[in-house]
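As stored in work.cif (mmCIF, C-alpha atoms; chains and numbers go by the auth columns):
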```cif
data_coords
#
loop_
_atom_site.group_PDB
_atom_site.id
_atom_site.type_symbol
_atom_site.label_atom_id
_atom_site.label_comp_id
_atom_site.label_asym_id
_atom_site.label_seq_id
_atom_site.Cartn_x
_atom_site.Cartn_y
_atom_site.Cartn_z
_atom_site.B_iso_or_equiv
_atom_site.auth_seq_id
_atom_site.auth_asym_id
ATOM 1 C CA MET A 1 86.363 110.891 109.656 0.00 1038 A
ATOM 2 C CA LYS A 2 89.128 111.382 107.115 0.00 1039 A
ATOM 3 C CA ASP A 3 87.982 114.965 106.496 0.00 1040 A
ATOM 4 C CA GLN A 4 87.853 115.633 110.196 0.00 1041 A
ATOM 5 C CA LEU A 5 91.410 114.357 110.714 0.00 1042 A
ATOM 6 C CA GLN A 6 92.615 116.426 107.784 0.00 1043 A
ATOM 7 C CA GLN A 7 90.926 119.490 109.248 0.00 1044 A
ATOM 8 C CA ILE A 8 92.597 118.995 112.611 0.00 1045 A
ATOM 9 C CA ILE A 9 96.015 118.394 111.042 0.00 1046 A
ATOM 10 C CA GLU A 10 95.758 121.474 108.856 0.00 1047 A
ATOM 11 C CA GLY A 11 93.895 123.711 111.261 0.00 1048 A
ATOM 12 C CA GLU A 12 95.850 123.265 114.486 0.00 1049 A
ATOM 13 C CA ASP A 13 99.342 124.641 115.048 0.00 1050 A
ATOM 14 C CA VAL A 14 100.739 121.528 116.724 0.00 1051 A
ATOM 15 C CA VAL A 15 98.875 118.216 116.800 0.00 1052 A
ATOM 16 C CA LEU A 16 99.884 115.121 118.734 0.00 1053 A
ATOM 17 C CA PHE A 17 98.054 111.899 117.904 0.00 1054 A
ATOM 18 C CA MET A 18 98.647 109.659 120.887 0.00 1055 A
ATOM 19 C CA LYS A 19 97.415 106.669 122.842 0.00 1056 A
ATOM 20 C CA GLY A 20 95.481 108.147 125.737 0.00 1057 A
ATOM 21 C CA THR A 21 95.304 111.746 126.882 0.00 1058 A
ATOM 22 C CA PRO A 22 97.841 113.974 128.672 0.00 1059 A
ATOM 23 C CA GLN A 23 96.060 113.025 131.919 0.00 1060 A
ATOM 24 C CA PHE A 24 96.079 109.302 131.158 0.00 1061 A
ATOM 25 C CA VAL A 25 98.909 108.430 128.805 0.00 1062 A
ATOM 26 C CA MET A 26 98.549 104.814 127.704 0.00 1063 A
ATOM 27 C CA CYS A 27 101.864 104.274 125.968 0.00 1064 A
ATOM 28 C CA GLY A 28 105.498 105.046 126.676 0.00 1065 A
ATOM 29 C CA ASN A 29 106.194 106.465 123.248 0.00 1066 A
ATOM 30 C CA SER A 30 103.210 108.795 123.440 0.00 1067 A
ATOM 31 C CA GLN A 31 104.589 109.998 126.785 0.00 1068 A
ATOM 32 C CA ARG A 32 108.014 110.603 125.243 0.00 1069 A
ATOM 33 C CA ALA A 33 106.536 112.676 122.426 0.00 1070 A
ATOM 34 C CA LEU A 34 104.334 114.664 124.805 0.00 1071 A
ATOM 35 C CA ASP A 35 107.249 115.366 127.147 0.00 1072 A
ATOM 36 C CA ALA A 36 109.472 116.550 124.290 0.00 1073 A
ATOM 37 C CA LEU A 37 106.742 118.882 123.010 0.00 1074 A
ATOM 38 C CA ARG A 38 106.236 120.256 126.512 0.00 1075 A
ATOM 39 C CA ARG A 39 109.960 120.896 126.928 0.00 1076 A
ATOM 40 C CA ALA A 40 109.929 122.839 123.676 0.00 1077 A
ATOM 41 C CA GLY A 41 106.948 124.831 124.937 0.00 1078 A
ATOM 42 C CA ALA A 42 104.725 123.768 122.056 0.00 1079 A
ATOM 43 C CA PRO A 43 101.016 124.644 122.120 0.00 1080 A
ATOM 44 C CA VAL A 44 99.778 121.073 121.771 0.00 1081 A
ATOM 45 C CA THR A 45 96.424 119.891 120.521 0.00 1082 A
ATOM 46 C CA VAL A 46 95.982 116.238 121.432 0.00 1083 A
ATOM 47 C CA VAL A 47 93.926 113.573 119.698 0.00 1084 A
ATOM 48 C CA ASP A 48 93.488 110.264 121.522 0.00 1085 A
ATOM 49 C CA ILE A 49 93.431 107.511 118.909 0.00 1086 A
ATOM 50 C CA LEU A 50 92.287 104.753 121.265 0.00 1087 A
ATOM 51 C CA PRO A 51 88.502 105.306 121.384 0.00 1088 A
ATOM 52 C CA ASP A 52 88.046 104.021 117.819 0.00 1089 A
ATOM 53 C CA PRO A 53 90.477 101.797 115.863 0.00 1090 A
ATOM 54 C CA GLN A 54 89.359 103.540 112.697 0.00 1091 A
ATOM 55 C CA ILE A 55 91.109 106.745 113.802 0.00 1092 A
ATOM 56 C CA ARG A 56 94.496 105.087 113.641 0.00 1093 A
ATOM 57 C CA GLN A 57 93.737 103.438 110.294 0.00 1094 A
ATOM 58 C CA GLU A 58 92.588 106.648 108.674 0.00 1095 A
ATOM 59 C CA LEU A 59 95.447 108.619 110.191 0.00 1096 A
ATOM 60 C CA SER A 60 98.145 106.240 108.955 0.00 1097 A
ATOM 61 C CA ALA A 61 96.522 106.192 105.514 0.00 1098 A
ATOM 62 C CA LEU A 62 96.671 109.996 105.456 0.00 1099 A
ATOM 63 C CA SER A 63 100.190 110.386 106.794 0.00 1100 A
ATOM 64 C CA GLY A 64 101.833 107.249 105.436 0.00 1101 A
ATOM 65 C CA TRP A 65 103.294 106.776 108.918 0.00 1102 A
ATOM 66 C CA PRO A 66 102.624 103.352 110.440 0.00 1103 A
ATOM 67 C CA THR A 67 103.076 104.004 114.158 0.00 1104 A
ATOM 68 C CA ILE A 68 101.670 106.123 116.986 0.00 1105 A
ATOM 69 C CA PRO A 69 102.458 108.788 118.191 0.00 1106 A
ATOM 70 C CA GLN A 70 102.499 111.192 115.266 0.00 1107 A
ATOM 71 C CA VAL A 71 103.289 114.886 115.555 0.00 1108 A
ATOM 72 C CA PHE A 72 102.292 117.533 113.027 0.00 1109 A
ATOM 73 C CA VAL A 73 103.258 121.199 112.947 0.00 1110 A
ATOM 74 C CA ARG A 74 101.131 123.398 110.677 0.00 1111 A
ATOM 75 C CA GLY A 75 99.943 120.441 108.664 0.00 1112 A
ATOM 76 C CA GLU A 76 103.338 118.849 108.179 0.00 1113 A
ATOM 77 C CA LEU A 77 104.381 115.522 109.695 0.00 1114 A
ATOM 78 C CA VAL A 78 107.335 116.101 112.004 0.00 1115 A
ATOM 79 C CA GLY A 79 107.639 112.473 113.038 0.00 1116 A
ATOM 80 C CA GLY A 80 107.112 109.998 115.849 0.00 1117 A
ATOM 81 C CA ALA A 81 108.555 109.876 119.365 0.00 1118 A
ATOM 82 C CA ASP A 82 112.149 109.171 118.300 0.00 1119 A
ATOM 83 C CA ILE A 83 112.323 112.063 115.851 0.00 1120 A
ATOM 84 C CA VAL A 84 110.546 114.544 118.112 0.00 1121 A
ATOM 85 C CA GLU A 85 112.896 113.661 120.985 0.00 1122 A
ATOM 86 C CA GLU A 86 115.916 113.985 118.749 0.00 1123 A
ATOM 87 C CA LEU A 87 114.773 117.342 117.348 0.00 1124 A
ATOM 88 C CA GLU A 88 113.988 118.643 120.819 0.00 1125 A
ATOM 89 C CA ALA A 89 117.387 117.618 122.190 0.00 1126 A
ATOM 90 C CA SER A 90 119.211 119.406 119.363 0.00 1127 A
ATOM 91 C CA GLY A 91 117.068 122.538 119.702 0.00 1128 A
ATOM 92 C CA GLU A 92 115.711 122.085 116.214 0.00 1129 A
ATOM 93 C CA LEU A 93 112.137 121.487 117.355 0.00 1130 A
ATOM 94 C CA GLU A 94 112.009 124.895 118.998 0.00 1131 A
ATOM 95 C CA ARG A 95 113.551 126.455 115.890 0.00 1132 A
ATOM 96 C CA THR A 96 110.909 124.836 113.708 0.00 1133 A
ATOM 97 C CA LEU A 97 108.143 126.056 116.009 0.00 1134 A
ATOM 98 C CA ARG A 98 109.566 129.560 115.946 0.00 1135 A
ATOM 99 C CA GLU A 99 109.844 129.462 112.178 0.00 1136 A
ATOM 100 C CA LYS A 100 106.342 128.182 111.583 0.00 1137 A
ATOM 101 C CA LEU A 101 104.380 129.766 114.423 0.00 1138 A
ATOM 102 C CA GLY A 102 106.311 132.978 114.945 0.00 1139 A
ATOM 103 C CA ASP A 103 108.596 134.033 117.783 0.00 1140 A
ATOM 104 C CA ASP A 104 105.793 134.446 120.281 0.00 1141 A
ATOM 105 C CA PHE A 105 104.407 130.920 120.040 0.00 1142 A
ATOM 106 C CA GLY A 106 103.344 130.062 123.542 0.00 1143 A
ATOM 107 C CA ALA A 107 102.496 126.973 125.465 0.00 1144 A
ATOM 108 C CA THR A 108 98.836 127.676 125.850 0.00 1145 A
ATOM 109 C CA GLU A 109 96.701 125.137 127.635 0.00 1146 A
ATOM 110 C CA GLU A 110 96.928 121.646 126.146 0.00 1147 A
ATOM 111 C CA ARG A 111 93.726 120.906 124.296 0.00 1148 A
ATOM 112 C CA VAL A 112 92.179 117.521 123.704 0.00 1149 A
ATOM 113 C CA VAL A 113 90.052 117.142 120.590 0.00 1150 A
ATOM 114 C CA ALA A 114 87.747 114.181 120.041 0.00 1151 A
ATOM 115 C CA VAL A 115 87.354 112.525 116.661 0.00 1152 A
ATOM 116 C CA ALA A 116 84.152 110.732 115.807 0.00 1153 A
ATOM 117 C CA MET B 1 114.162 84.845 116.692 0.00 1314 B
ATOM 118 C CA ALA B 2 112.414 88.045 115.660 0.00 1315 B
ATOM 119 C CA VAL B 3 115.688 89.939 116.066 0.00 1316 B
ATOM 120 C CA ARG B 4 117.193 87.801 113.326 0.00 1317 B
ATOM 121 C CA THR B 5 114.194 88.334 111.012 0.00 1318 B
ATOM 122 C CA LEU B 6 114.345 92.100 111.477 0.00 1319 B
ATOM 123 C CA THR B 7 118.107 92.153 111.014 0.00 1320 B
ATOM 124 C CA GLU B 8 117.799 90.205 107.764 0.00 1321 B
ATOM 125 C CA LEU B 9 115.104 92.522 106.424 0.00 1322 B
ATOM 126 C CA LEU B 10 117.209 95.576 107.251 0.00 1323 B
ATOM 127 C CA GLU B 11 120.366 94.065 105.766 0.00 1324 B
ATOM 128 C CA ALA B 12 118.448 93.344 102.586 0.00 1325 B
ATOM 129 C CA ALA B 13 117.196 96.935 102.427 0.00 1326 B
ATOM 130 C CA PHE B 14 120.535 98.475 103.430 0.00 1327 B
ATOM 131 C CA PRO B 15 123.155 96.138 101.961 0.00 1328 B
ATOM 132 C CA GLY B 16 126.635 96.647 103.357 0.00 1329 B
ATOM 133 C CA ASP B 17 125.478 99.231 105.921 0.00 1330 B
ATOM 134 C CA ASP B 18 125.671 99.181 109.717 0.00 1331 B
ATOM 135 C CA VAL B 19 122.479 97.625 111.060 0.00 1332 B
ATOM 136 C CA ALA B 20 121.698 96.779 114.675 0.00 1333 B
ATOM 137 C CA VAL B 21 118.536 95.356 116.205 0.00 1334 B
ATOM 138 C CA GLU B 22 118.040 95.138 119.936 0.00 1335 B
ATOM 139 C CA ASP B 23 115.201 93.380 121.735 0.00 1336 B
ATOM 140 C CA ARG B 24 114.588 96.050 124.366 0.00 1337 B
ATOM 141 C CA THR B 25 112.501 94.006 126.776 0.00 1338 B
ATOM 142 C CA GLY B 26 113.471 90.442 125.946 0.00 1339 B
ATOM 143 C CA GLY B 27 109.871 89.782 124.964 0.00 1340 B
ATOM 144 C CA GLY B 28 110.528 89.662 121.242 0.00 1341 B
ATOM 145 C CA ASP B 29 108.219 92.530 120.322 0.00 1342 B
ATOM 146 C CA HIS B 30 109.822 95.786 121.527 0.00 1343 B
ATOM 147 C CA PHE B 31 112.775 96.709 119.364 0.00 1344 B
ATOM 148 C CA GLN B 32 115.435 99.338 119.028 0.00 1345 B
ATOM 149 C CA VAL B 33 116.686 99.538 115.472 0.00 1346 B
ATOM 150 C CA THR B 34 119.812 101.470 114.507 0.00 1347 B
ATOM 151 C CA VAL B 35 120.851 102.003 110.898 0.00 1348 B
ATOM 152 C CA ALA B 36 123.733 104.029 109.484 0.00 1349 B
ATOM 153 C CA SER B 37 123.535 104.311 105.721 0.00 1350 B
ATOM 154 C CA LYS B 38 124.637 106.438 102.824 0.00 1351 B
ATOM 155 C CA ARG B 39 121.024 106.256 101.642 0.00 1352 B
ATOM 156 C CA PHE B 40 120.109 108.653 104.453 0.00 1353 B
ATOM 157 C CA ASP B 41 122.469 111.383 103.285 0.00 1354 B
ATOM 158 C CA GLY B 42 120.509 114.499 102.446 0.00 1355 B
ATOM 159 C CA LEU B 43 117.198 113.103 103.679 0.00 1356 B
ATOM 160 C CA SER B 44 115.059 114.521 106.499 0.00 1357 B
ATOM 161 C CA LEU B 45 114.552 112.386 109.600 0.00 1358 B
ATOM 162 C CA VAL B 46 110.983 111.658 108.478 0.00 1359 B
ATOM 163 C CA GLU B 47 112.275 110.394 105.138 0.00 1360 B
ATOM 164 C CA GLN B 48 114.996 108.345 106.845 0.00 1361 B
ATOM 165 C CA HIS B 49 112.528 106.687 109.195 0.00 1362 B
ATOM 166 C CA ARG B 50 110.146 106.018 106.305 0.00 1363 B
ATOM 167 C CA LEU B 51 112.876 103.939 104.621 0.00 1364 B
ATOM 168 C CA VAL B 52 113.214 101.875 107.801 0.00 1365 B
ATOM 169 C CA TYR B 53 109.438 101.461 108.065 0.00 1366 B
ATOM 170 C CA ASP B 54 109.366 100.349 104.424 0.00 1367 B
ATOM 171 C CA ALA B 55 111.995 97.695 105.120 0.00 1368 B
ATOM 172 C CA LEU B 56 110.028 96.438 108.128 0.00 1369 B
ATOM 173 C CA ALA B 57 106.551 96.737 106.605 0.00 1370 B
ATOM 174 C CA ALA B 58 105.756 93.028 106.973 0.00 1371 B
ATOM 175 C CA PRO B 59 106.581 92.595 110.682 0.00 1372 B
ATOM 176 C CA LEU B 60 104.895 95.942 111.393 0.00 1373 B
ATOM 177 C CA ALA B 61 101.732 94.804 109.640 0.00 1374 B
ATOM 178 C CA ASP B 62 101.536 91.298 111.107 0.00 1375 B
ATOM 179 C CA GLY B 63 102.012 92.411 114.703 0.00 1376 B
ATOM 180 C CA THR B 64 105.504 90.966 115.220 0.00 1377 B
ATOM 181 C CA ILE B 65 106.611 94.470 116.127 0.00 1378 B
ATOM 182 C CA HIS B 66 104.604 95.863 118.997 0.00 1379 B
ATOM 183 C CA GLU B 67 106.887 98.813 119.576 0.00 1380 B
ATOM 184 C CA LEU B 68 109.698 100.142 117.434 0.00 1381 B
ATOM 185 C CA ARG B 69 112.352 102.714 118.234 0.00 1382 B
ATOM 186 C CA ILE B 70 114.412 103.938 115.332 0.00 1383 B
ATOM 187 C CA SER B 71 117.743 105.678 115.234 0.00 1384 B
ATOM 188 C CA THR B 72 119.166 106.602 111.848 0.00 1385 B
ATOM 189 C CA LYS B 73 122.403 108.190 110.723 0.00 1386 B
ATOM 190 C CA GLY B 74 123.789 109.234 107.384 0.00 1387 B
ATOM 191 C CA THR B 75 127.425 108.884 106.535 0.00 1388 B
ATOM 192 C CA GLY B 76 127.987 112.562 105.799 0.00 1389 B
#
```
Would it be possible to restate this file's structure as structure tokens?
Amino acid sequence: MKDQLQQIIEGEDVVLFMKGTPQFVMCGNSQRALDALRRAGAPVTVVDILPDPQIRQELSALSGWPTIPQVFVRGELVGGADIVEELEASGELERTLREKLGDDFGATEERVVAVA
Amino acid sequence: MAVRTLTELLEAAFPGDDVAVEDRTGGGDHFQVTVASKRFDGLSLVEQHRLVYDALAAPLADGTIHELRISTKGTG
């Protein structure tokens, strides 16, 4: 599972590890992070951590970040809900996306990826 | 009660700095933590929040904190 998480983090442009899915968000902070990413127009790949408690354990071991949600851009931890909201409000999130993904990064369809 | 514990842990980690802990729901497990410290100067937000998580590692691990919101500021 660790390898799979690593692959998702490194392989996807923007990853949001959250409680629930964009259709059924199960936590206020996950909603805040998702909303901020949407406002910035980020192409989000979502991983629901709820189906298996091991996902959260392995993820936090990898990232050294104790809470959910967690947002990564091109393999780098951007932060949790508070940081992502703050960066979005200041315009820095969009700048980071532009810098890392190129000027034409687009909000493609949100994707949900399962981890097993 | 938990507000006091969290405040003490933060004051120990950030001596002499501005520390505030708010119980957001009154239930003693959803907190807003605000810290302004010189230690944050020059650090990224991720690094700043990591210092707060480090200070609160025990209540995060034992379930005292169900939800944590963090706001950090440097002095620069």
Output as an mmCIF file with C-alpha atoms, in the coordinates of the input the set of chain B residues within 12 Å of chain A, with distances taken over only C-alpha atoms.
```
data_model
loop_
_atom_site.group_PDB
_atom_site.id
_atom_site.type_symbol
_atom_site.label_atom_id
_atom_site.label_comp_id
_atom_site.auth_asym_id
_atom_site.auth_seq_id
_atom_site.Cartn_x
_atom_site.Cartn_y
_atom_site.Cartn_z
ATOM 1 C CA HIS B 1343 109.822 95.786 121.527
ATOM 2 C CA GLN B 1345 115.435 99.338 119.028
ATOM 3 C CA VAL B 1346 116.686 99.538 115.472
ATOM 4 C CA THR B 1347 119.812 101.470 114.507
ATOM 5 C CA SER B 1357 115.059 114.521 106.499
ATOM 6 C CA LEU B 1358 114.552 112.386 109.600
ATOM 7 C CA VAL B 1359 110.983 111.658 108.478
ATOM 8 C CA GLU B 1360 112.275 110.394 105.138
ATOM 9 C CA GLN B 1361 114.996 108.345 106.845
ATOM 10 C CA HIS B 1362 112.528 106.687 109.195
ATOM 11 C CA ARG B 1363 110.146 106.018 106.305
ATOM 12 C CA LEU B 1364 112.876 103.939 104.621
ATOM 13 C CA VAL B 1365 113.214 101.875 107.801
ATOM 14 C CA TYR B 1366 109.438 101.461 108.065
ATOM 15 C CA ASP B 1367 109.366 100.349 104.424
ATOM 16 C CA LEU B 1369 110.028 96.438 108.128
ATOM 17 C CA ALA B 1370 106.551 96.737 106.605
ATOM 18 C CA ALA B 1371 105.756 93.028 106.973
ATOM 19 C CA PRO B 1372 106.581 92.595 110.682
ATOM 20 C CA LEU B 1373 104.895 95.942 111.393
ATOM 21 C CA ALA B 1374 101.732 94.804 109.640
ATOM 22 C CA GLY B 1376 102.012 92.411 114.703
ATOM 23 C CA ILE B 1378 106.611 94.470 116.127
ATOM 24 C CA HIS B 1379 104.604 95.863 118.997
ATOM 25 C CA GLU B 1380 106.887 98.813 119.576
ATOM 26 C CA LEU B 1381 109.698 100.142 117.434
ATOM 27 C CA ARG B 1382 112.352 102.714 118.234
ATOM 28 C CA ILE B 1383 114.412 103.938 115.332
ATOM 29 C CA SER B 1384 117.743 105.678 115.234
ATOM 30 C CA THR B 1385 119.166 106.602 111.848
ATOM 31 C CA LYS B 1386 122.403 108.190 110.723
#
```
With a distance cut-off of 12 Å and all atoms listed in the file, select the neighbouring residues of Leu1042 of chain A, excluding the residue or stretch itself and same-chain residues fewer than 6 positions from it, and output the selection as a PDB file with C-alpha atoms, in the frame of the given file.
```pdb
ATOM      1  CA  GLY A1048      93.895 123.711 111.261  1.00  0.00           C
ATOM      2  CA  GLU A1049      95.850 123.265 114.486  1.00  0.00           C
ATOM      3  CA  VAL A1052      98.875 118.216 116.800  1.00  0.00           C
ATOM      4  CA  LEU A1053      99.884 115.121 118.734  1.00  0.00           C
ATOM      5  CA  PHE A1054      98.054 111.899 117.904  1.00  0.00           C
ATOM      6  CA  VAL A1083      95.982 116.238 121.432  1.00  0.00           C
ATOM      7  CA  VAL A1084      93.926 113.573 119.698  1.00  0.00           C
ATOM      8  CA  ASP A1085      93.488 110.264 121.522  1.00  0.00           C
ATOM      9  CA  ILE A1086      93.431 107.511 118.909  1.00  0.00           C
ATOM     10  CA  GLN A1091      89.359 103.540 112.697  1.00  0.00           C
ATOM     11  CA  ILE A1092      91.109 106.745 113.802  1.00  0.00           C
ATOM     12  CA  ARG A1093      94.496 105.087 113.641  1.00  0.00           C
ATOM     13  CA  GLN A1094      93.737 103.438 110.294  1.00  0.00           C
ATOM     14  CA  GLU A1095      92.588 106.648 108.674  1.00  0.00           C
ATOM     15  CA  LEU A1096      95.447 108.619 110.191  1.00  0.00           C
ATOM     16  CA  SER A1097      98.145 106.240 108.955  1.00  0.00           C
ATOM     17  CA  ALA A1098      96.522 106.192 105.514  1.00  0.00           C
ATOM     18  CA  LEU A1099      96.671 109.996 105.456  1.00  0.00           C
ATOM     19  CA  SER A1100     100.190 110.386 106.794  1.00  0.00           C
ATOM     20  CA  PHE A1109     102.292 117.533 113.027  1.00  0.00           C
ATOM     21  CA  GLY A1112      99.943 120.441 108.664  1.00  0.00           C
ATOM     22  CA  VAL A1150      90.052 117.142 120.590  1.00  0.00           C
ATOM     23  CA  ALA A1151      87.747 114.181 120.041  1.00  0.00           C
ATOM     24  CA  VAL A1152      87.354 112.525 116.661  1.00  0.00           C
ATOM     25  CA  ALA A1153      84.152 110.732 115.807  1.00  0.00           C
TER      26      ALA A1153
END
```
From the list B:Val1332, B:Gly1389, B:Val1348, B:Asp1375, the nearest residue to Thr1320 of chain B using only C-alpha atoms is B:Val1332
Provide the atom CA of Glu1136 of chain A to atom CA of Leu1356 of chain B distance in Å, to one decimal place.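 Separating atom CA of Glu1136 of chain A from atom CA of Leu1356 of chain B is a distance of 19.8 Å.
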For a quick check of understanding, using all atoms listed in the file, which of B:Ala1333, B:Arg1352, B:Thr1388, B:Asp1342 has the smallest distance to Glu1321 of chain B?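 Smallest separation from Glu1321 of chain B among the options: B:Ala1333.
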Compute the distance from (109.4, 123.7, 118.5) to each atom, counting all atoms listed in the file, keep the residues with any atom at most 10 Å away, and return them as a short mmCIF file (atom, residue, chain, number, x, y, z; two decimals) with C-alpha atoms, in the coordinates of the input; use the coordinates of the file.
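This is the output file selection_8.cif:
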```cif
data_model
loop_
_atom_site.label_atom_id
_atom_site.label_comp_id
_atom_site.auth_asym_id
_atom_site.auth_seq_id
_atom_site.Cartn_x
_atom_site.Cartn_y
_atom_site.Cartn_z
CA VAL A 1051 100.74 121.53 116.72
CA ALA A 1073 109.47 116.55 124.29
CA LEU A 1074 106.74 118.88 123.01
CA ARG A 1075 106.24 120.26 126.51
CA ARG A 1076 109.96 120.90 126.93
CA ALA A 1077 109.93 122.84 123.68
CA GLY A 1078 106.95 124.83 124.94
CA ALA A 1079 104.72 123.77 122.06
CA PRO A 1080 101.02 124.64 122.12
CA VAL A 1110 103.26 121.20 112.95
CA VAL A 1121 110.55 114.54 118.11
CA LEU A 1124 114.77 117.34 117.35
CA GLU A 1125 113.99 118.64 120.82
CA GLY A 1128 117.07 122.54 119.70
CA GLU A 1129 115.71 122.08 116.21
CA LEU A 1130 112.14 121.49 117.36
CA GLU A 1131 112.01 124.90 119.00
CA ARG A 1132 113.55 126.46 115.89
CA THR A 1133 110.91 124.84 113.71
CA LEU A 1134 108.14 126.06 116.01
CA ARG A 1135 109.57 129.56 115.95
CA GLU A 1136 109.84 129.46 112.18
CA LYS A 1137 106.34 128.18 111.58
CA LEU A 1138 104.38 129.77 114.42
CA PHE A 1142 104.41 130.92 120.04
#
```
How far is it from atom CA of Arg1337 of chain B to atom CA of Glu1122 of chain A, in Å with one decimal?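 Atom CA of Glu1122 of chain A lies at a distance of 18.0 Å from atom CA of Arg1337 of chain B.
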